[in-house]
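> mmCIF, C-alpha atoms, file my_file05.cif:
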data_coords
#
loop_
_atom_site.label_atom_id
_atom_site.label_comp_id
_atom_site.auth_asym_id
_atom_site.auth_seq_id
_atom_site.Cartn_x
_atom_site.Cartn_y
_atom_site.Cartn_z
CA MET Q 1 0.00 0.00 0.00
CA LYS Q 2 1.36 3.39 -1.03
CA LYS Q 3 1.73 6.02 1.68
CA PRO Q 4 -0.59 8.92 0.83
CA GLU Q 5 0.49 12.52 0.56
CA LEU Q 6 -0.62 14.80 3.40
CA LEU Q 7 -1.78 17.99 1.68
CA VAL Q 8 -2.22 21.05 3.91
CA PRO Q 9 -3.69 24.53 3.27
CA ALA Q 10 -1.75 27.76 3.66
CA GLY Q 11 -3.45 31.16 3.61
CA ASP Q 12 -0.21 33.08 4.12
CA LEU Q 13 3.54 32.60 4.55
CA GLU Q 14 3.33 31.92 8.28
CA LYS Q 15 0.81 29.12 7.71
CA LEU Q 16 2.90 27.68 4.87
CA LYS Q 17 5.97 27.52 7.08
CA THR Q 18 3.92 26.10 9.95
CA ALA Q 19 2.57 23.35 7.70
CA VAL Q 20 6.08 22.46 6.59
CA ARG Q 21 7.43 22.34 10.14
CA PHE Q 22 4.61 20.13 11.39
CA GLY Q 23 4.89 17.48 8.69
CA ALA Q 24 3.04 18.35 5.48
CA ASP Q 25 4.14 16.54 2.32
CA ALA Q 26 2.56 19.20 0.13
CA ILE Q 27 0.85 22.58 0.52
CA TYR Q 28 -1.76 24.37 -1.55
CA VAL Q 29 -1.89 28.16 -1.78
CA GLY Q 30 -4.18 30.63 -3.52
CA ALA Q 31 -3.08 32.40 -6.70
CA GLY Q 32 -3.74 36.11 -6.19
CA ASP Q 33 -7.38 36.89 -7.05
CA PHE Q 34 -7.92 33.57 -8.80
CA SER Q 35 -8.68 31.03 -6.07
CA LEU Q 36 -11.87 30.12 -4.26
CA ARG Q 37 -10.95 31.86 -1.03
CA ALA Q 38 -10.81 35.49 -0.02
CA ALA Q 39 -8.05 37.58 -1.55
CA GLN Q 40 -6.38 38.09 1.85
CA THR Q 41 -5.61 34.36 2.01
CA SER Q 42 -3.94 34.27 -1.42
CA PHE Q 43 -0.31 34.79 -2.36
CA ASP Q 44 1.15 37.55 -4.48
CA LEU Q 45 4.21 36.62 -6.52
CA ALA Q 46 6.73 37.88 -3.95
CA GLN Q 47 5.09 35.80 -1.20
CA LEU Q 48 4.89 32.81 -3.53
CA LYS Q 49 8.61 33.08 -4.24
CA GLU Q 50 9.51 33.09 -0.56
CA GLY Q 51 7.08 30.27 0.22
CA LEU Q 52 8.38 28.09 -2.59
CA SER Q 53 11.96 28.63 -1.47
CA PHE Q 54 11.15 27.56 2.11
CA ALA Q 55 9.13 24.54 0.98
CA ARG Q 56 11.76 23.43 -1.50
CA LYS Q 57 14.48 23.47 1.17
CA ASN Q 58 12.32 21.07 3.17
CA LYS Q 59 11.35 18.89 0.17
CA VAL Q 60 7.68 19.88 0.33
CA ALA Q 61 5.62 20.39 -2.83
CA VAL Q 62 3.53 23.52 -3.45
CA TYR Q 63 0.34 23.52 -5.54
CA LEU Q 64 -1.23 26.72 -6.82
CA ALA Q 65 -5.03 27.02 -6.61
CA MET Q 66 -6.47 28.86 -9.64
CA ASN Q 67 -9.96 27.42 -9.42
CA ILE Q 68 -12.39 30.33 -9.74
CA PHE Q 69 -15.10 30.05 -12.37
CA ALA Q 70 -13.42 32.35 -14.88
CA TYR Q 71 -14.95 34.99 -17.14
CA ASP Q 72 -13.28 36.05 -20.39
CA ALA Q 73 -11.71 39.03 -18.64
CA ASP Q 74 -10.01 36.69 -16.13
CA LEU Q 75 -8.16 34.46 -18.58
CA ALA Q 76 -5.35 36.83 -19.61
CA PRO Q 77 -4.40 37.92 -16.06
CA MET Q 78 -4.62 34.31 -14.87
CA MET Q 79 -2.20 33.22 -17.58
CA ASP Q 80 0.11 36.15 -16.76
CA TYR Q 81 0.17 35.13 -13.09
CA LEU Q 82 0.74 31.50 -14.01
CA GLU Q 83 3.64 32.38 -16.28
CA GLU Q 84 5.49 34.00 -13.37
CA ALA Q 85 4.46 31.25 -10.94
CA LYS Q 86 5.78 28.58 -13.29
CA LYS Q 87 9.13 30.39 -13.48
CA LEU Q 88 9.26 30.30 -9.69
CA GLY Q 89 8.81 26.51 -9.75
CA ILE Q 90 5.30 25.56 -8.61
CA ASP Q 91 4.75 21.80 -8.61
CA ALA Q 92 1.20 21.87 -10.00
CA ALA Q 93 -1.81 24.13 -10.58
CA ILE Q 94 -5.28 23.34 -9.23
CA VAL Q 95 -7.89 24.30 -11.83
CA SER Q 96 -11.58 23.82 -12.59
CA ASP Q 97 -12.34 25.86 -15.73
CA PRO Q 98 -12.11 23.90 -19.04
CA GLY Q 99 -11.13 27.04 -20.96
CA LEU Q 100 -8.23 27.74 -18.63
CA ILE Q 101 -7.21 24.08 -18.79
CA ASN Q 102 -7.10 24.31 -22.59
CA LEU Q 103 -4.95 27.45 -22.51
CA ILE Q 104 -2.51 25.95 -19.99
CA ARG Q 105 -2.19 22.70 -21.91
CA GLN Q 106 -1.33 24.61 -25.07
CA LYS Q 107 1.24 26.94 -23.49
CA TYR Q 108 2.67 24.73 -20.70
CA PRO Q 109 2.15 21.11 -21.74
CA SER Q 110 4.55 19.80 -19.07
CA LEU Q 111 2.93 21.58 -16.10
CA LYS Q 112 1.02 19.21 -13.82
CA LEU Q 113 -2.65 20.08 -13.45
CA HIS Q 114 -4.97 18.97 -10.65
CA LEU Q 115 -8.72 19.17 -11.15
CA SER Q 116 -10.50 21.03 -8.34
CA THR Q 117 -13.39 19.50 -6.42
CA GLN Q 118 -15.48 22.32 -7.98
CA ALA Q 119 -15.59 20.22 -11.15
CA ASN Q 120 -17.92 17.74 -9.39
CA THR Q 121 -16.09 14.55 -10.37
CA LEU Q 122 -18.08 11.61 -9.02
CA ASN Q 123 -17.47 8.67 -11.38
CA HIS Q 124 -14.61 6.82 -13.05
CA GLU Q 125 -15.58 7.79 -16.60
CA ALA Q 126 -15.30 11.47 -15.65
CA VAL Q 127 -11.90 10.73 -14.10
CA LYS Q 128 -10.75 9.07 -17.33
CA PHE Q 129 -12.13 11.94 -19.40
CA TRP Q 130 -10.20 14.56 -17.47
CA HIS Q 131 -7.07 12.42 -17.52
CA LYS Q 132 -7.25 12.43 -21.34
CA GLN Q 133 -7.40 16.23 -21.22
CA GLY Q 134 -4.04 16.25 -19.46
CA LEU Q 135 -5.06 16.32 -15.79
CA SER Q 136 -2.72 14.24 -13.64
CA ARG Q 137 -4.83 14.37 -10.47
CA ILE Q 138 -8.53 14.63 -9.67
CA VAL Q 139 -9.91 16.05 -6.41
CA LEU Q 140 -13.07 14.00 -5.94
CA GLY Q 141 -16.35 15.45 -4.72
CA ARG Q 142 -17.21 15.03 -1.04
CA GLU Q 143 -20.63 13.62 -1.96
CA LEU Q 144 -19.07 10.17 -2.56
CA SER Q 145 -18.93 7.27 -0.12
CA LEU Q 146 -15.59 5.59 0.55
CA GLU Q 147 -16.94 2.49 -1.21
CA GLN Q 148 -17.55 4.57 -4.34
CA VAL Q 149 -14.12 6.18 -4.04
CA GLY Q 150 -12.48 2.75 -3.93
CA LYS Q 151 -14.32 1.63 -7.05
CA ILE Q 152 -13.26 4.76 -8.93
CA LYS Q 153 -9.63 4.15 -8.01
CA LYS Q 154 -9.80 0.53 -9.19
CA ALA Q 155 -11.37 1.62 -12.50
CA ALA Q 156 -8.80 4.38 -13.07
CA PRO Q 157 -5.63 3.22 -11.27
CA LYS Q 158 -3.25 5.41 -13.30
CA VAL Q 159 -4.87 8.66 -12.19
CA GLU Q 160 -3.95 10.28 -8.89
CA LEU Q 161 -6.99 10.85 -6.67
CA GLU Q 162 -7.24 13.36 -3.87
CA LEU Q 163 -9.87 13.44 -1.12
CA PHE Q 164 -10.75 15.91 1.64
CA VAL Q 165 -10.34 14.29 5.06
CA HIS Q 166 -10.73 17.20 7.46
CA GLY Q 167 -12.26 20.67 7.68
CA ALA Q 168 -15.34 22.76 6.99
CA MET Q 169 -17.89 21.50 4.48
CA CYS Q 170 -20.07 23.50 2.11
CA MET Q 171 -23.79 22.76 2.21
CA SER Q 172 -24.13 23.03 -1.58
CA TYR Q 173 -23.17 20.50 -4.22
CA SER Q 174 -19.34 20.45 -4.36
CA GLY Q 175 -19.33 24.09 -3.41
CA ARG Q 176 -21.43 25.36 -6.34
CA CYS Q 177 -23.48 27.88 -4.40
CA LEU Q 178 -25.27 31.08 -5.43
CA LEU Q 179 -26.65 32.13 -2.04
CA SER Q 180 -23.86 34.58 -1.28
CA LYS Q 181 -24.00 36.13 -4.76
CA TYR Q 182 -27.78 36.51 -4.59
CA MET Q 183 -27.94 37.86 -1.05
CA THR Q 184 -24.83 40.04 -0.86
CA GLY Q 185 -23.43 40.40 -4.38
CA ARG Q 186 -20.30 38.47 -3.40
CA SER Q 187 -19.92 35.19 -5.26
CA ALA Q 188 -18.69 31.98 -3.64
CA ASN Q 189 -17.51 30.90 -7.07
CA ARG Q 190 -15.20 33.94 -7.20
CA GLY Q 191 -13.65 33.40 -3.76
CA GLU Q 192 -15.85 35.93 -1.95
CA CYS Q 193 -18.35 33.78 -0.04
CA THR Q 194 -20.06 35.47 2.92
CA HIS Q 195 -21.31 32.09 4.21
CA PRO Q 196 -25.07 32.78 4.36
CA CYS Q 197 -25.60 29.05 4.97
CA ARG Q 198 -24.16 29.69 8.46
CA TRP Q 199 -26.70 32.40 9.27
CA GLN Q 200 -29.74 31.97 11.47
CA TYR Q 201 -33.06 32.34 9.66
CA ARG Q 202 -36.62 33.16 10.67
CA LEU Q 203 -39.91 32.44 8.90
CA LYS Q 204 -42.59 35.06 8.12
CA GLU Q 205 -46.22 34.48 7.15
CA LEU Q 206 -47.01 36.90 4.30
CA CYS Q 207 -50.56 37.71 5.41
CA ARG Q 208 -49.28 38.69 8.85
CA PRO Q 209 -45.96 40.48 8.13
CA ASP Q 210 -45.54 41.72 11.67
CA GLU Q 211 -45.31 38.20 13.06
CA GLU Q 212 -42.20 36.03 12.96
CA PHE Q 213 -41.86 32.31 13.55
CA SER Q 214 -38.74 30.28 14.26
CA ILE Q 215 -37.85 27.59 11.75
CA GLU Q 216 -37.91 24.60 14.05
CA GLU Q 217 -35.97 21.47 13.14
CA ASP Q 218 -36.38 19.07 16.05
CA SER Q 219 -33.94 19.97 18.82
CA ARG Q 220 -31.26 21.29 16.48
CA GLY Q 221 -32.49 24.83 16.23
CA THR Q 222 -32.80 27.09 13.21
CA TYR Q 223 -29.46 26.61 11.45
CA VAL Q 224 -31.02 24.52 8.70
CA MET Q 225 -28.15 24.87 6.20
CA ASN Q 226 -25.20 24.90 8.58
CA SER Q 227 -23.08 21.81 7.92
CA LYS Q 228 -20.84 20.15 10.47
CA ASP Q 229 -17.07 19.92 9.99
CA LEU Q 230 -15.50 16.84 8.43
CA CYS Q 231 -13.14 14.75 10.58
CA MET Q 232 -11.83 11.37 9.41
CA ILE Q 233 -9.06 10.86 11.97
CA GLU Q 234 -10.81 7.78 13.37
CA HIS Q 235 -11.00 6.15 9.94
CA ILE Q 236 -7.45 6.20 8.55
CA PRO Q 237 -7.46 2.47 7.59
CA GLU Q 238 -10.77 2.85 5.71
CA LEU Q 239 -9.39 5.85 3.80
CA LEU Q 240 -6.20 3.99 2.92
CA LYS Q 241 -8.11 0.98 1.60
CA THR Q 242 -9.63 3.18 -1.12
CA GLY Q 243 -6.18 3.70 -2.63
CA ILE Q 244 -6.43 7.49 -2.42
CA ASP Q 245 -3.14 9.22 -3.27
CA SER Q 246 -3.58 12.43 -1.27
CA PHE Q 247 -5.30 13.28 2.03
CA LYS Q 248 -6.41 16.89 1.81
CA ILE Q 249 -7.02 19.22 4.75
CA GLU Q 250 -9.42 22.16 4.32
CA GLY Q 251 -8.71 25.56 5.86
CA ARG Q 252 -6.75 28.29 4.05
CA MET Q 253 -8.73 30.86 6.06
CA LYS Q 254 -7.95 29.17 9.39
CA SER Q 255 -5.16 30.16 11.81
CA ALA Q 256 -1.56 28.96 11.98
CA TYR Q 257 -2.58 27.18 15.18
CA TYR Q 258 -5.24 25.22 13.28
CA VAL Q 259 -2.69 24.31 10.60
CA ALA Q 260 -0.17 23.14 13.20
CA VAL Q 261 -2.55 20.93 15.18
CA VAL Q 262 -4.34 19.31 12.23
CA THR Q 263 -1.10 18.67 10.32
CA ARG Q 264 0.58 17.24 13.41
CA ILE Q 265 -2.27 14.85 14.20
CA TYR Q 266 -2.86 13.49 10.70
CA ARG Q 267 0.91 13.15 10.23
CA ARG Q 268 1.14 11.06 13.39
CA ALA Q 269 -1.84 8.90 12.43
CA ILE Q 270 -0.59 8.17 8.91
CA ASP Q 271 2.93 7.43 10.12
CA ALA Q 272 1.64 5.19 12.91
CA TYR Q 273 -0.31 3.11 10.41
CA PHE Q 274 2.61 2.61 8.06
CA LYS Q 275 5.00 1.84 10.88
CA ASP Q 276 3.02 -1.32 11.66
CA PRO Q 277 -0.30 -1.72 9.79
CA ALA Q 278 -1.17 -4.98 11.57
CA LYS Q 279 -0.93 -3.40 15.01
CA TYR Q 280 -2.31 0.02 14.11
CA LYS Q 281 -4.84 1.35 16.59
CA PHE Q 282 -6.63 4.68 16.70
CA ASN Q 283 -5.33 6.86 19.54
CA PRO Q 284 -8.18 8.77 21.28
CA GLU Q 285 -5.72 11.57 22.09
CA TRP Q 286 -5.67 12.45 18.37
CA LYS Q 287 -9.38 13.28 18.38
CA GLN Q 288 -9.00 15.14 21.67
CA GLU Q 289 -6.32 17.33 20.11
CA LEU Q 290 -8.51 18.06 17.08
CA CYS Q 291 -11.22 19.18 19.49
CA LYS Q 292 -8.82 21.79 20.88
CA ILE Q 293 -8.91 23.82 17.67
CA SER Q 294 -11.81 26.05 16.68
CA HIS Q 295 -14.34 23.78 14.98
CA ARG Q 296 -18.00 22.98 14.48
CA ASN Q 297 -19.38 19.61 15.54
CA TYR Q 298 -17.48 16.86 13.74
CA CYS Q 299 -18.93 14.26 11.37
CA THR Q 300 -17.80 11.90 8.59
CA GLY Q 301 -19.90 13.50 5.86
CA PHE Q 302 -21.11 11.12 3.16
CA TYR Q 303 -18.09 8.84 3.36
CA LEU Q 304 -19.46 6.16 5.69
CA GLY Q 305 -23.14 6.15 4.82
CA GLU Q 306 -26.28 8.03 5.69
CA ASP Q 307 -26.13 8.30 9.49
CA ASP Q 308 -23.63 11.11 10.08
CA ARG Q 309 -24.63 13.94 7.76
CA GLU Q 310 -26.75 16.11 10.05
CA ASN Q 311 -26.43 19.85 10.06
CA SER Q 312 -24.98 21.47 13.14
CA ALA Q 313 -27.37 22.72 15.80
CA THR Q 314 -25.61 26.06 15.99
CA GLY Q 315 -23.82 28.49 13.70
CA SER Q 316 -21.01 29.05 16.19
CA TYR Q 317 -17.64 27.35 16.56
CA GLN Q 318 -16.49 25.38 19.57
CA ARG Q 319 -13.47 27.15 21.04
CA ASP Q 320 -11.97 25.66 24.20
CA TYR Q 321 -8.40 26.87 23.63
CA SER Q 322 -6.90 30.09 22.33
CA PHE Q 323 -3.68 30.53 20.36
CA VAL Q 324 -1.56 32.92 22.45
CA GLY Q 325 1.91 33.05 20.93
CA VAL Q 326 4.89 31.75 19.00
CA ILE Q 327 8.26 30.82 20.51
CA SER Q 328 10.98 33.11 19.10
CA GLY Q 329 13.83 31.51 21.05
CA HIS Q 330 14.83 29.44 24.06
CA ASP Q 331 17.87 30.36 26.16
CA LEU Q 332 18.86 27.29 28.18
CA LYS Q 333 21.37 29.29 30.23
CA THR Q 334 18.86 31.81 31.53
CA GLN Q 335 15.98 29.29 31.33
CA GLU Q 336 13.86 31.78 29.41
CA LEU Q 337 11.54 31.49 26.46
CA GLU Q 338 11.14 34.46 24.14
CA ILE Q 339 7.53 34.76 22.98
CA ALA Q 340 5.88 36.74 20.21
CA SER Q 341 2.42 37.20 21.74
CA ARG Q 342 -0.67 36.73 19.58
CA ASN Q 343 -3.28 36.92 22.31
CA ASN Q 344 -3.58 37.83 25.95
CA PHE Q 345 -1.86 35.73 28.61
CA LYS Q 346 -0.93 36.68 32.17
CA VAL Q 347 1.05 35.68 35.23
CA GLY Q 348 -0.52 32.55 36.72
CA ASP Q 349 -1.70 31.13 33.40
CA THR Q 350 -0.70 27.64 32.34
CA LEU Q 351 0.27 27.48 28.67
CA GLU Q 352 0.76 24.43 26.48
CA ILE Q 353 3.64 24.22 24.01
CA ILE Q 354 3.11 22.52 20.65
CA ASP Q 355 6.60 21.74 19.39
CA PRO Q 356 7.04 20.40 15.83
CA ALA Q 357 10.08 18.42 17.02
CA SER Q 358 8.31 16.69 19.91
CA ASP Q 359 5.37 14.33 20.37
CA GLU Q 360 4.88 15.68 23.87
CA ILE Q 361 2.70 18.69 24.67
CA LYS Q 362 4.69 20.53 27.36
CA LYS Q 363 3.02 22.67 30.01
CA LEU Q 364 4.40 25.99 31.20
CA LYS Q 365 3.18 27.89 34.29
CA ILE Q 366 3.77 31.62 33.85
CA SER Q 367 5.49 33.01 36.95
CA LYS Q 368 6.99 36.20 35.50
CA ILE Q 369 6.70 38.15 32.25
CA ARG Q 370 9.64 40.36 31.25
CA THR Q 371 9.84 42.84 28.37
CA LYS Q 372 12.91 43.58 26.24
CA ASP Q 373 13.45 46.66 28.40
CA ASN Q 374 13.68 44.42 31.46
CA GLU Q 375 10.35 45.61 32.81
CA PHE Q 376 8.18 43.05 34.57
CA ILE Q 377 4.51 43.13 33.60
CA ASP Q 378 1.41 41.23 34.70
CA GLN Q 379 0.17 40.28 31.24
CA ALA Q 380 1.15 40.24 27.59
CA HIS Q 381 -1.14 41.31 24.76
CA ASN Q 382 -1.17 40.75 21.00
CA GLY Q 383 2.01 42.17 19.48
CA TYR Q 384 4.13 42.05 22.64
CA GLN Q 385 7.61 40.49 22.52
CA VAL Q 386 8.28 39.09 26.00
CA PHE Q 387 10.37 36.63 27.99
CA VAL Q 388 9.12 34.05 30.51
CA LYS Q 389 10.83 31.54 32.77
CA ALA Q 390 10.87 27.96 31.48
CA ASP Q 391 12.69 25.25 33.40
CA PHE Q 392 13.12 22.72 30.57
CA ALA Q 393 16.22 20.55 30.24
CA ALA Q 394 15.78 20.11 26.50
CA PRO Q 395 15.47 23.04 24.11
CA VAL Q 396 12.08 24.13 22.84
CA SER Q 397 12.06 24.58 19.06
CA THR Q 398 11.87 28.05 17.60
CA ASP Q 399 8.43 28.61 16.04
CA SER Q 400 6.71 26.27 18.50
CA LEU Q 401 3.16 27.43 19.22
CA LEU Q 402 1.57 28.30 22.56
CA ARG Q 403 -2.07 27.89 23.59
CA LYS Q 404 -4.11 28.22 26.76
CA LYS Q 405 -7.41 26.75 27.86
CA ILE Q 406 -10.24 29.26 27.77
#
Show how you would write the structure in this file as C-alpha cells.


Amino acid sequence: MKKPELLVPAGDLEKLKTAVRFGADAIYVGAGDFSLRAAQTSFDLAQLKEGLSFARKNKVAVYLAMNIFAYDADLAPMMDYLEEAKKLGIDAAIVSDPGLINLIRQKYPSLKLHLSTQANTLNHEAVKFWHKQGLSRIVLGRELSLEQVGKIKKAAPKVELELFVHGAMCMSYSGRCLLSKYMTGRSANRGECTHPCRWQYRLKELCRPDEEFSIEEDSRGTYVMNSKDLCMIEHIPELLKTGIDSFKIEGRMKSAYYVAVVTRIYRRAIDAYFKDPAKYKFNPEWKQELCKISHRNYCTGFYLGEDDRENSATGSYQRDYSFVGVISGHDLKTQELEIASRNNFKVGDTLEIIDPASDEIKKLKISKIRTKDNEFIDQAHNGYQVFVKADFAAPVSTDSLLRKKI
C-alpha cells in the first residue's frame, strides 16, 4: 500500500511555514485573485517566491489554486500570473475551468494540473475523461462514499486521486453555491463567499408580516443549512483501503494554530499506520487534540453512509483553547523562552507548548513576564515580545506554538 500525501492549506507565509514544520508533504496556496478563497488568504508573486523557497528546502511540494469560475476578462491575467508562478517553480496548478485548462495545456504542456473539487467529479468515466485532457490528479467530490471512491480508483488506477479528510464542508453540491451572490453580491464561485448558509433564519407568514416564527428542526435549532465539519481521523485504515493518493485538509482561512494541530495529528496517524499496519490502533488523544482547535461539531460527511450527515445545531464554533503566541527563542542558560504574543496571557496562566520536534505537549506555568526593556509586567497582549521563565532541560524549538485553555 502506497503512503498517501498529506496535503495542507496555507493562507499566508506563516501558515505555509507552519505546515512544513509540522509534517506536510505538500501545501496548496491561492493564486492572487484567482482562487476560491478570499483575496487576503492568497499569495502575491513575492510571497509565492519566498514560500516556494522555504518549501523546496524542506522537500515539500507547493500547488497553486487557480480554481475560480473564470470569465473572459479573467483568462489573460490568470495566464500572466501562471507564467510567473511557473518560473518560480510551482509543482502543479489546481484548476476547474475547461477554458483555462485548454490554454494551460497549449502553453505549458509539461505543467502538472490537478482538477479542483469544484468540477464535481463523481465517477470513473469522468476521471478518465479529465485524464485524457491532461489532468494528472482529480480532487473528488465530497458527496461520494468511501466504497464509491475505492471503485473509482480501481477503475482508473493510473490517475492520482485526492480526497478531503478534514475541515469545513459547504452545504451546496461540491461548493457550487449562489446564495452569497444573490444575497450580498459576493460570489462563492469567485472566492468571496459570505457564508449565508451559516446564518440563522426566521420564517414570516405573508398575510401577517408583523409576526415572525422560528424555523424549528427538532432539537437542532434554526441553522437549517449549517453543515458540520468533516473529521476522518478515526478512519485512517478505511481511507487507505480506497487507494487514495492524497489526504487533503481544508482551511486556508484558518489560523496557523489550526494548521499546526491538524497537520501534526494526521501526520502522526498516517505514520503510525505505516510503521506497523497490523498493530495500528486509533489513539483517542488524536481526536482530543482536534477538538482543541476552533471547529463545528465533527462528522464523517457522506463517506461512511447516511447516518452522520446532520447539520450542526448552531452556527457558532467550539473554542476551548486560544492561540496565544509563538516561541521566538529558548535560552537554556537563563531558562527563558522568548515569545511573540498573539493573544492575551498573564502571570498565573498555564500554557501548552506545541513543538514540531516533539510528540509531547509541554506545560508551562507563567510566573513572571519580562519585556525587552527588562520591565516586569502582569500580562502580555497581542504584538508584545516578552520573555518568561521555562525550566526545561531540552530546548524548545523556535516557532513552536503556545495555547491556553479558555

> For the file shown, report as a PyMOL selection string the outcome of the PyMOL selection byres ((chain Q and resi 22) around 9) at residue level.

chain Q and resi 17-21+23-24+259-261+263-264+267+355-357

> Pick the closest to Gln318 in chain Q from Q:Asp229, Q:Glu5, Q:Asp399, Q:Glu83: which is it, counting only C-alpha atoms?

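Among the listed residues, the smallest separation from Gln318 in chain Q belongs to Q:Asp229.
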
> Between CA of Val127 in chain Q and CA of Leu115 in chain Q, what is the spacing in Å?

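These two atoms are separated by 9.5 Å.
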
> I need the residue nearest Ile361 in chain Q from this list: Q:Glu147, Q:Asp320, Q:Asp378, Q:Glu289. Use all atoms listed in the file for the distance.

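Nearest candidate to Ile361 in chain Q out of Q:Glu147, Q:Asp320, Q:Asp378, Q:Glu289: Q:Glu289.
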
> Assuming the chain letters and numbering stay as they are in my file, what does the PyMOL selection byres ((chain Q and resi 297) around 7) actually select? List them as a list in words.

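Output of the PyMOL selection byres ((chain Q and resi 297) around 7): Lys228, Asp229, His295, Arg296, Tyr298, Cys299 and Ser312 of chain Q.
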
> Could you tell me how far CA of Glu160 in chain Q lies from CA of Asp271 in chain Q, in Å and to one decimal?

20.4 Å

> For Ser110 in chain Q, which residue out of Q:Lys128, Q:Lys333, Q:Lys86, Q:Arg268 is the nearest one, using only C-alpha atoms?

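Once distances to Ser110 in chain Q are computed over only C-alpha atoms, the minimum belongs to Q:Lys86.
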
> Name the residues captured by the PyMOL selection byres ((chain Q and resi 284) around 12) when it is applied to the shown file; answer as a list of chain:residue names.

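Applying the expression gives Q:Ile233, Q:Glu234, Q:His235, Q:Ile265, Q:Ala269, Q:Lys281, Q:Phe282, Q:Asn283, Q:Glu285, Q:Trp286, Q:Lys287, Q:Gln288, Q:Glu289, Q:Leu290, Q:Cys291.
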
> Leaving out range 105-108 of chain Q and any residue of its chain fewer than 2 positions from it, which residues lie within 9 Å of it when counting all atoms listed in the file, given as a tab-separated table (two decimals) with C-alpha atoms, keeping the file's coordinate frame?


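Wrote it out as out_7.tsv, contents follow:
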chain	number	residue	atom	x	y	z
Q	83	GLU	CA	3.64	32.38	-16.28
Q	86	LYS	CA	5.78	28.58	-13.29
Q	100	LEU	CA	-8.23	27.74	-18.63
Q	101	ILE	CA	-7.21	24.08	-18.79
Q	102	ASN	CA	-7.10	24.31	-22.59
Q	103	LEU	CA	-4.95	27.45	-22.51
Q	110	SER	CA	4.55	19.80	-19.07
Q	111	LEU	CA	2.93	21.58	-16.10
Q	112	LYS	CA	1.02	19.21	-13.82
Q	113	LEU	CA	-2.65	20.08	-13.45
Q	133	GLN	CA	-7.40	16.23	-21.22
Q	134	GLY	CA	-4.04	16.25	-19.46

> Env of Lys363 in chain Q: 7 Å cut, atoms = only C-alpha atoms, seq-sep filter 6 positions within chain, self excluded. Answer as an MDAnalysis selection string.

chainID Q and resid 350:353

> Which is closer to Leu240 in chain Q than all the others in Q:Gly51, Q:Tyr273, Q:Ile90, Q:Glu338, using all atoms listed in the file?

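Using all atoms listed in the file, the shortest distance to Leu240 in chain Q belongs to Q:Tyr273.
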
> I'd like the contact shell of Glu336 in chain Q - 7 Å cut-off, all atoms listed in the file, skipping same-chain residues fewer than 2 positions apart - returned as a ChimeraX atom specification.

/Q:330-332,334,338,387-390

> Using all atoms listed in the file, I'd like a table of the residues in range 296-384 of chain Q that come within 12 Å of range 247-255 of chain Q; for each, show the closest atom pair and its distance in Å rounded to one decimal, ordered by chain and ascending number, as JSON lines.


{"residue": "Q:Ser322", "atom": "CA", "partner": "Q:Ser255", "partner_atom": "CA", "distance": 10.7}
{"residue": "Q:Phe323", "atom": "CA", "partner": "Q:Ser255", "partner_atom": "CA", "distance": 8.7}
{"residue": "Q:Val324", "atom": "CA", "partner": "Q:Ser255", "partner_atom": "CA", "distance": 11.6}
{"residue": "Q:Gly325", "atom": "CA", "partner": "Q:Ser255", "partner_atom": "CA", "distance": 11.9}
{"residue": "Q:Arg342", "atom": "CA", "partner": "Q:Ser255", "partner_atom": "CA", "distance": 11.1}
